[in-house]
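The file work.txt comes next; it holds compact mmCIF, C-alpha atoms.
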```
# COMPACT_ATOMS: atom_id res chain seq x y z
CA MET A 30 -63.65 31.98 20.15
CA SER A 31 -62.16 29.83 17.42
CA LEU A 32 -59.10 32.16 17.23
CA GLY A 33 -58.42 31.92 20.94
CA LEU A 34 -58.84 28.17 20.82
CA ARG A 35 -56.31 27.87 18.00
CA ASP A 36 -53.83 30.02 19.87
CA ASN A 37 -54.26 27.86 22.93
CA ARG A 38 -53.61 24.68 20.93
CA ARG A 39 -50.57 26.17 19.31
CA ARG A 40 -49.21 27.12 22.69
CA GLN A 41 -49.81 23.61 24.01
CA LYS A 42 -48.03 22.11 20.98
CA ARG A 43 -45.06 24.39 21.51
CA GLN A 44 -44.93 23.38 25.13
CA VAL A 45 -45.01 19.66 24.16
CA TRP A 46 -42.30 20.12 21.60
CA TRP A 47 -40.25 22.11 24.05
CA ARG A 48 -40.54 19.32 26.61
CA LEU A 49 -39.57 16.75 24.00
CA PHE A 50 -36.63 18.91 22.98
CA LYS A 51 -35.42 19.16 26.57
CA ILE A 52 -35.80 15.40 27.00
CA VAL A 53 -33.87 14.69 23.81
CA LEU A 54 -31.26 17.30 24.78
CA GLY A 55 -30.92 15.73 28.24
CA ILE A 56 -30.52 12.28 26.74
CA GLY A 57 -27.93 13.61 24.32
CA LEU A 58 -26.00 15.33 27.10
CA PHE A 59 -26.16 12.16 29.20
CA LEU A 60 -24.87 10.06 26.33
CA ALA A 61 -22.16 12.60 25.59
CA VAL A 62 -21.02 12.69 29.22
CA GLY A 63 -21.18 8.89 29.42
CA GLY A 64 -19.19 8.49 26.24
CA TYR A 65 -16.59 10.97 27.43
CA ALA A 66 -16.32 9.19 30.77
CA TYR A 67 -15.99 5.84 29.02
CA LEU A 68 -13.28 7.12 26.71
CA ALA A 69 -11.48 8.81 29.61
CA GLY A 70 -11.70 5.63 31.72
CA GLU A 71 -10.50 3.51 28.82
CA ASN A 72 -7.56 5.85 28.28
CA LEU A 73 -6.75 5.86 32.00
CA ALA A 74 -6.97 2.05 32.14
CA HIS A 75 -4.70 1.78 29.13
CA HIS A 76 -2.10 4.01 30.79
CA GLU A 77 -2.45 2.01 34.05
CA VAL A 78 -1.95 -1.26 32.17
CA GLU A 79 1.17 0.16 30.53
CA ARG A 80 2.45 1.39 33.90
CA GLN A 81 1.83 -2.00 35.52
CA ALA A 82 3.50 -3.77 32.59
CA VAL A 83 6.61 -1.62 33.07
CA LYS A 84 6.55 -2.34 36.81
CA ILE A 85 6.18 -6.09 36.17
CA ALA A 86 9.11 -6.01 33.78
CA GLN A 87 11.21 -4.20 36.41
CA LEU A 88 10.20 -6.77 39.06
CA GLU A 89 11.04 -9.65 36.73
CA GLU A 90 14.44 -8.10 36.08
CA SER A 91 15.02 -7.66 39.83
CA LEU A 92 13.92 -11.25 40.45
CA ALA A 93 16.32 -12.53 37.82
CA GLY A 94 19.12 -10.56 39.47
CA LEU A 95 18.22 -11.96 42.90
CA GLN A 96 18.13 -15.49 41.51
CA GLN A 97 21.56 -14.95 39.98
CA ASN A 98 22.89 -13.58 43.28
CA ASN A 99 21.34 -16.50 45.14
CA GLY A 100 23.04 -18.93 42.79
CA ASP A 101 26.38 -17.16 43.27
CA LEU A 102 25.95 -17.22 47.06
CA SER A 103 25.02 -20.91 47.01
CA GLU A 104 28.17 -21.66 45.03
CA LYS A 105 30.29 -19.64 47.47
CA VAL A 106 28.70 -21.40 50.45
CA LYS A 107 29.39 -24.77 48.83
CA LYS A 108 33.04 -23.85 48.27
CA LEU A 109 33.39 -22.60 51.86
CA PHE A 110 31.80 -25.81 53.14
CA ASN A 111 34.28 -27.88 51.12
CA VAL A 112 37.17 -25.82 52.50
CA ALA A 113 35.86 -26.31 56.05
CA GLU A 114 35.60 -30.06 55.51
CA GLU A 115 39.17 -30.14 54.19
CA TRP A 116 40.46 -28.25 57.25
CA LYS A 117 38.45 -30.53 59.54
CA ALA A 118 39.94 -33.63 57.94
CA ARG A 119 43.43 -32.10 58.15
CA TYR A 120 42.86 -31.20 61.82
CA GLU A 121 41.65 -34.71 62.68
CA LYS A 122 44.66 -36.15 60.85
CA ASP A 123 47.33 -33.83 62.26
CA ILE A 124 46.07 -33.19 65.81
CA PRO A 125 46.80 -36.18 68.08
CA THR A 126 44.03 -37.71 70.15
CA GLY A 127 43.63 -40.57 72.60
CA GLU A 128 46.79 -42.52 73.39
CA MET A 129 48.92 -40.44 71.01
CA ASP A 130 47.82 -37.24 72.72
CA ALA A 131 48.64 -38.69 76.15
CA PHE A 132 52.03 -39.89 74.86
CA LEU A 133 52.95 -36.44 73.50
CA LYS A 134 51.88 -34.81 76.76
CA LYS A 135 54.24 -37.12 78.64
CA ILE A 136 57.06 -36.12 76.31
CA GLU A 137 56.27 -32.43 76.83
CA ALA A 138 56.24 -32.94 80.60
CA LYS A 139 59.65 -34.63 80.50
CA LEU A 140 61.13 -31.86 78.37
CA GLU A 141 59.63 -29.14 80.58
CA GLY A 142 61.11 -30.98 83.57
CA GLY A 143 64.58 -30.44 82.15
CA LEU A 144 65.23 -33.79 80.47
CA ASP A 145 67.75 -33.52 77.64
CA PRO A 146 65.92 -34.02 74.29
CA ALA A 147 68.80 -36.15 73.02
CA ARG A 148 68.48 -38.44 76.05
CA LEU A 149 64.72 -38.75 75.52
CA ALA A 150 65.23 -39.52 71.84
CA PHE A 151 67.80 -42.18 72.77
CA VAL A 152 65.36 -43.85 75.17
CA ILE A 153 62.61 -43.85 72.53
CA ASP A 154 64.99 -45.35 69.95
CA GLN A 155 65.96 -48.12 72.39
CA ALA A 156 62.36 -49.03 73.20
CA ARG A 157 61.14 -52.33 71.79
CA PRO A 158 58.29 -54.77 72.41
CA PRO A 159 58.58 -56.85 75.61
CA GLU A 160 60.51 -60.10 75.23
CA ASN A 161 61.00 -63.20 77.33
CA CYS A 162 58.01 -62.61 79.60
CA ASP A 163 57.61 -64.88 82.62
CA ALA A 164 54.07 -65.76 81.48
CA GLU A 165 53.26 -66.43 85.13
CA PRO A 166 51.23 -63.38 86.19
CA VAL A 167 50.64 -62.83 89.89
CA THR A 168 47.37 -61.35 91.20
CA LYS A 169 47.03 -59.67 94.57
CA ARG A 170 44.36 -57.51 96.16
CA PHE A 171 44.39 -54.55 98.52
CA ILE A 172 42.02 -51.97 99.98
CA VAL A 173 41.72 -48.60 98.29
CA ARG A 174 42.33 -45.71 100.68
CA THR A 175 39.46 -43.24 101.10
CA PRO A 176 38.84 -40.37 103.52
CA LEU A 177 36.82 -42.79 105.68
CA GLN A 178 38.96 -45.89 105.17
CA GLY A 179 41.76 -46.31 107.73
CA GLU A 180 45.17 -47.75 106.93
CA GLY A 181 45.67 -51.49 106.80
CA ASN A 182 45.90 -53.97 103.94
CA ASP A 183 46.13 -50.98 101.63
CA ALA A 184 49.28 -51.87 99.66
CA VAL A 185 50.81 -54.83 97.82
CA SER A 186 54.35 -55.50 96.61
CA PHE A 187 55.59 -57.53 93.66
CA PHE A 188 58.83 -59.10 92.47
CA GLN A 189 60.59 -59.20 95.86
CA ASN A 190 59.35 -55.72 96.79
CA ALA A 191 60.67 -54.23 93.57
CA VAL A 192 57.37 -52.37 93.04
CA THR A 193 54.75 -51.44 95.67
CA VAL A 194 51.24 -50.52 94.54
CA THR A 195 48.75 -48.33 96.46
CA ALA A 196 45.58 -46.48 95.46
CA THR A 197 43.32 -43.71 96.75
CA GLY A 198 39.78 -42.79 95.73
CA ASP A 199 36.58 -41.03 96.73
CA ASN A 200 34.04 -42.49 99.12
CA SER A 201 31.01 -44.23 97.70
CA VAL A 202 27.63 -42.66 98.56
CA ASP A 203 24.47 -44.62 99.33
CA GLU A 204 20.99 -43.83 98.01
CA ASN A 205 20.36 -41.50 100.97
CA GLY A 206 23.48 -39.47 100.27
CA ASN A 207 25.50 -40.89 103.15
CA ASN A 208 29.22 -41.56 102.65
CA GLU A 209 30.38 -45.18 102.76
CA ALA A 210 33.86 -46.33 103.76
CA TRP A 211 34.73 -48.09 100.49
CA PHE A 212 35.69 -46.32 97.29
CA ASP A 213 33.33 -45.37 94.45
CA LYS A 214 34.30 -47.59 91.51
CA ALA A 215 32.57 -45.24 89.07
CA LYS A 216 35.00 -42.42 89.90
CA PRO A 217 38.69 -42.14 88.96
CA LEU A 218 41.31 -43.71 91.22
CA SER A 219 44.86 -42.51 91.80
CA VAL A 220 47.15 -45.56 91.64
CA SER A 221 50.82 -45.24 92.67
CA PHE A 222 53.67 -47.55 91.62
CA ALA A 223 56.68 -47.05 93.92
CA GLN A 224 59.97 -48.65 92.90
CA LEU A 225 62.32 -49.95 95.56
CA GLY A 226 64.87 -47.20 96.11
CA GLY A 227 63.58 -45.37 93.05
CA GLU A 228 60.90 -43.04 91.80
CA THR A 229 57.12 -43.27 92.17
CA ALA A 230 54.77 -43.09 89.19
CA GLU A 231 51.10 -42.22 89.52
CA VAL A 232 48.26 -43.14 87.17
CA GLN A 233 44.74 -41.72 87.39
CA GLY A 234 41.54 -42.99 85.81
CA VAL A 235 38.54 -45.24 86.14
CA ILE A 236 39.40 -48.94 86.49
CA PRO A 237 40.46 -51.03 84.70
CA LEU A 238 43.88 -49.36 84.45
CA HIS A 239 47.07 -50.61 82.84
CA TYR A 240 50.62 -49.44 83.47
CA ALA A 241 54.22 -50.56 82.95
CA VAL A 242 57.24 -49.81 85.13
CA ILE A 243 60.78 -49.99 83.78
CA ALA A 244 63.41 -50.92 86.32
CA GLY A 245 66.88 -51.91 85.12
CA ASN A 246 66.56 -54.70 82.58
CA ASN A 247 63.01 -55.53 83.64
CA GLU A 248 59.61 -54.30 82.51
CA TYR A 249 56.88 -54.87 85.07
CA ARG A 250 53.39 -54.73 83.61
CA PHE A 251 50.34 -54.17 85.82
CA SER A 252 46.57 -54.37 85.35
CA VAL A 253 44.29 -52.88 88.00
CA THR A 254 40.72 -54.22 88.04
CA GLU A 255 37.73 -54.26 90.37
CA GLY A 256 37.80 -56.68 93.31
CA PRO A 257 35.49 -57.36 96.27
CA ARG A 258 33.83 -54.30 97.76
CA GLY A 259 36.50 -51.82 98.82
CA PHE A 260 39.30 -53.83 97.12
CA VAL A 261 41.04 -53.76 93.78
CA LEU A 262 42.90 -56.61 92.10
CA VAL A 263 46.38 -56.06 90.68
CA THR A 264 47.80 -58.54 88.20
CA ALA A 265 51.54 -58.21 87.48
CA ASP A 266 53.84 -59.81 84.96
CA ARG A 267 57.56 -59.35 84.18
CA CYS A 268 59.34 -59.19 80.82
CA ASP A 269 62.90 -58.47 79.76
CA TYR A 270 63.51 -54.88 78.73
```

Here is a file; write its structure as structure tokens.
Amino acid sequence: MSLGLRDNRRRQKRQVWWRLFKIVLGIGLFLAVGGYAYLAGENLAHHEVERQAVKIAQLEESLAGLQQNNGDLSEKVKKLFNVAEEWKARYEKDIPTGEMDAFLKKIEAKLEGGLDPARLAFVIDQARPPENCDAEPVTKRFIVRTPLQGEGNDAVSFFQNAVTVTATGDNSVDENGNNEAWFDKAKPLSVSFAQLGGETAEVQGVIPLHYAVIAGNNEYRFSVTEGPRGFVLVTADRCDY
């Protein structure tokens, strides 16, 4: 009995030790696997950090290049802007506008009409400011012709019929859209200056209008302004030419 009991105890001890061995072995394997995983992860992270550092350096280099290109483009744009401003100033200086533009167009029209350039140049050279004006302007009024305005009191003459003035315009429209007989003062008029036995000049525009007629040794100057409804006022003066 005592021999069998001892054998049984020995067997139980071996089983306990075997269990402890397996537990210790399992813990050792776990620690080994964990350590390997940690070292592998650390190595992988190190390589990833190096890879990201290289990528960051490449991006910084690309950014520096883009900033340099942006600076070069900004400088080019600034130079182009300055060139554009110079051409704009030159255009505004060299291209005629306003009265000068209208004057040059009149010259072109005369030349296209067959007038000898030398004759035109001679006339321009002979032009001078008006002298010895009468200083007694005369004002008359007349009705502006419209599609609905019949003839009558629609012309005036000055300086012993030397110049006759007439005008035509568009009908005025009331608030309901109906045409009225008198002219619309907000729209351009066509004013004619007919010389006695000579040519007729026509001026178009919104009143007031100003025009001068040269006849012989006289310069007749006219100002067309608004008068009573349907009428315009013409003030004329004469100067030596």

Quick one: axis-aligned box around all listed atoms of range 64-73 of chain A, 8 Å on every side, centre and edge lengths in Å to one decimal, written as lines of an AutoDock Vina configuration file.
```
center_x = -13.0
center_y = 7.2
center_z = 29.1
size_x = 28.4
size_y = 23.5
size_z = 21.8
```

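The space between CA of Asp199 in chain A and CA of Gln178 in chain A spans 10.0 Å.
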
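The residue that comes closest to Asn207 in chain A, out of A:Leu68, A:Thr229, A:Leu177, A:Ile85 and on the basis of only C-alpha atoms, is A:Leu177.
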
Quick one: residues within 7 Å of Asn246 in chain A, all atoms listed in the file, excluding same-chain residues fewer than 2 positions away - as number ranges by chain? A: 244, 248, 269-270

Any idea what the distance is between CA of Thr197 in chain A and CA of Gly227 in chain A?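 Distance reported for this atom pair: 20.7 Å.
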
Env of range 251-267 of chain A: 10 Å cut, atoms = all atoms listed in the file, seq-sep filter 4 positions within chain, self excluded. Answer as a short mmCIF file (atom, residue, chain, number, x, y, z; two decimals) with C-alpha atoms, in the frame of the given file.
```cif
data_model
loop_
_atom_site.label_atom_id
_atom_site.label_comp_id
_atom_site.auth_asym_id
_atom_site.auth_seq_id
_atom_site.Cartn_x
_atom_site.Cartn_y
_atom_site.Cartn_z
CA PRO A 159 58.58 -56.85 75.61
CA GLU A 160 60.51 -60.10 75.23
CA ASN A 161 61.00 -63.20 77.33
CA CYS A 162 58.01 -62.61 79.60
CA ASP A 163 57.61 -64.88 82.62
CA ALA A 164 54.07 -65.76 81.48
CA GLU A 165 53.26 -66.43 85.13
CA PRO A 166 51.23 -63.38 86.19
CA VAL A 167 50.64 -62.83 89.89
CA THR A 168 47.37 -61.35 91.20
CA LYS A 169 47.03 -59.67 94.57
CA ARG A 170 44.36 -57.51 96.16
CA PHE A 171 44.39 -54.55 98.52
CA ILE A 172 42.02 -51.97 99.98
CA VAL A 173 41.72 -48.60 98.29
CA ARG A 174 42.33 -45.71 100.68
CA THR A 175 39.46 -43.24 101.10
CA GLN A 178 38.96 -45.89 105.17
CA ASN A 182 45.90 -53.97 103.94
CA ASP A 183 46.13 -50.98 101.63
CA VAL A 185 50.81 -54.83 97.82
CA SER A 186 54.35 -55.50 96.61
CA PHE A 187 55.59 -57.53 93.66
CA PHE A 188 58.83 -59.10 92.47
CA VAL A 192 57.37 -52.37 93.04
CA VAL A 194 51.24 -50.52 94.54
CA THR A 195 48.75 -48.33 96.46
CA ALA A 196 45.58 -46.48 95.46
CA ASN A 200 34.04 -42.49 99.12
CA SER A 201 31.01 -44.23 97.70
CA GLU A 209 30.38 -45.18 102.76
CA ALA A 210 33.86 -46.33 103.76
CA TRP A 211 34.73 -48.09 100.49
CA PHE A 212 35.69 -46.32 97.29
CA ASP A 213 33.33 -45.37 94.45
CA LYS A 214 34.30 -47.59 91.51
CA VAL A 220 47.15 -45.56 91.64
CA PHE A 222 53.67 -47.55 91.62
CA VAL A 235 38.54 -45.24 86.14
CA ILE A 236 39.40 -48.94 86.49
CA PRO A 237 40.46 -51.03 84.70
CA LEU A 238 43.88 -49.36 84.45
CA HIS A 239 47.07 -50.61 82.84
CA TYR A 240 50.62 -49.44 83.47
CA ALA A 241 54.22 -50.56 82.95
CA VAL A 242 57.24 -49.81 85.13
CA ILE A 243 60.78 -49.99 83.78
CA ASN A 247 63.01 -55.53 83.64
#
```

Give me, please, the distance in Å between CA of Pro125 in chain A and CA of Glu137 in chain A, quoted to one decimal.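 Computed distance, CA of Pro125 in chain A to CA of Glu137 in chain A, equals 13.4 Å.
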
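Residues lying within 8 Å of Gly234 in chain A, counting only C-alpha atoms and ignoring same-chain neighbours fewer than 5 positions away, are Lys216, Pro217, Leu218 and Ser219 of chain A.
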